[in-house]
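Asks: My questions will all concern the structure given below.
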Amino acid sequence: MKSSLFSAALLSATMLAGCATQTAVEAQASAAPSYGRTIVTPVQAEDSYYTTAQARVGARAEARGAGQARNVIIFVGDGMGISTITAARIYAGQSQGLDGESYQLTMETFPNVALSKTYSDNFQTADSAATAVAMMSGVKTDSGTLGFDRNVQAGNCAASLGHEVESLFSMAEAQDFSTGVVSTARITHATPAATYSHSPSRDWEFDGAVGAQAELGCRDIASQLIDFPAGDGLELAMGGGRSNFMTNEQADPEYEGRTGRRGDGRDLVAEWSAKSDDHTFIYDQAGFDAIDFDSDVRVLGLFEPSHMQFEQDRPNDTAGEPSLSELTSAAITRLSRDEDGFVLMVEGGRIDHAHHGGNAHRALVDAVAFDDAIRTAVEMTDASETMILVTADHSHTMTIAGYAARGNPILGLARSEVGALLRASDGRPYTTLGYANGPGAVCTAADNGACERGDLTDIDVEAPDYQQQSTYPMGSETHGGEDVAIFATGAGSERVGGVMEQNEIFFALAQSLGLID
């Protein structure tokens, strides 16, 4: 009898608690601001990748009482896998004379955390183009392509036309948002290009790369930025890639003897500047410093012919170029003037490039600069109306291994608690950080199968140019296929949680803005 009474009481208490929780969630949802956006149905809305992700994020939002956002900022650390975050955390702390292992990056303070599954429609380990499309358009597609669904044929213009998808940026522009893209890579590179372009090949960054396929209706990525038809176009685009916007007869404004790449005669810089009195072009630190971003100015900032400098090398740049934090601050200042809201992407693009070069030092320095930009965004925005989401597009093969003592320099040789070098079975010391493959391979084809791992005893493995040893040789170290992290804070960020498909990120952003169901 007592057991039955206890069970009844427990059931009653559970039901009351459930009702209280449901009421709290409903109250939270009803209290959330509504910005009066129009729900749209993009052309990719029937794609199964889209519908599955839409339902999952919608259910998570309902269960957590997720609110609405006036603005969203997505930070993409290109190639910033979890091992990179861990190493960057330790490096950032140690660089300040603090305990690196217990240090916290800004992104790590965000309350909503998830894992992102990064595979593309056709690759187990994806590239930056397909992953960017997933985040910007809500569908998985084939690696190497931009702005198309899975029916795209890479590099085939005729077969791909008709399979375009809409991006978050085009939807936002159609409803009078202000939009901006910032990257330390070329602004026509895969990640930023996914916001505004459609290209069966991510490599078609300028007209010469498209070649004869232009006659079939495909256009180069740089021209698509200038001609972006959604709304009134991007308010600002700042990064590298100047040569893709200049003709091959135009001298580069910074580097003697260099010219643009375009052979079609289109001076895209001039075309941008001619759009209105507010449109302006800048290419160096002085030009950046001269801009009043708290105005209606519309900025095309192209600070290098190709990618911007690594953060390690930026102080030595000939004409000077702003940091990623400075670019982020300028973008938020400009875009936040719009009462209709804004959408901003900020990419730390060169984390990836350093990893491809087997150069952990530059990867970590860029990752810390990326986190500095995130801190800037947090300080400049109101969490009650702005969602900030931080993630990576994919990982890399960098590992943190061995049994180095607490406090050992993360870029250094592994040492014991008494400072003795730790040694591998070949009797030679090793670094804490290494790569599964890449240019630092311990054995190469030239060794004809007989080689010895290099002795690092007298090597300055913490030097900026040092390439970590890798297991097998590759001219360029590859991406890693494991899940990457998502960190989110602010309005609507409750939509982030658990293990998510990468294309769910699109819905976390777009549903929070009230643009889609």
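Chain lettering (A, B, ...) mirrors the order of the structure tokens, residue numbering begins at 1 for each chain separately, and ligand numbering begins at 1 in order of display.
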Taking the chain letters and numbering used in this document, name the residues of range 395-501 of chain A that DSSP puts in strand (DSSP E or B), as number ranges by chain.
Replies: A: 395-396, 398-400, 413, 415, 421, 423, 429, 431, 433-438, 441, 470-473, 479-480, 484-490, 498-501
Asks: I'd like the contact shell of Ser336 in chain A - 9 Å cut-off, only C-alpha atoms, skipping same-chain residues fewer than 2 positions apart - returned as a PyMOL selection string.
Replies: chain A and resi 71+178+294+331-334+338-339+341-342+381
Asks: Could you check which of A:Ile351, A:Leu433, A:Met136, A:Ala61 is closest to Gly81 in chain A, using only C-alpha atoms?
Replies: A:Ile351
Asks: When you draw a straight line from CA of Ser223 in chain A to CA of Ala193 in chain A, how long is it in Å?
Replies: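 Value for the CA of Ser223 in chain A-CA of Ala193 in chain A distance: 11.1 Å.
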Asks: Considering only C-alpha atoms, state which residue in the set A:Ile400, A:Ala354, A:Met80, A:Ile388 is at the smallest distance from Gly481 in chain A.
Replies: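 Distance minimum relative to Gly481 in chain A lands on A:Met80.
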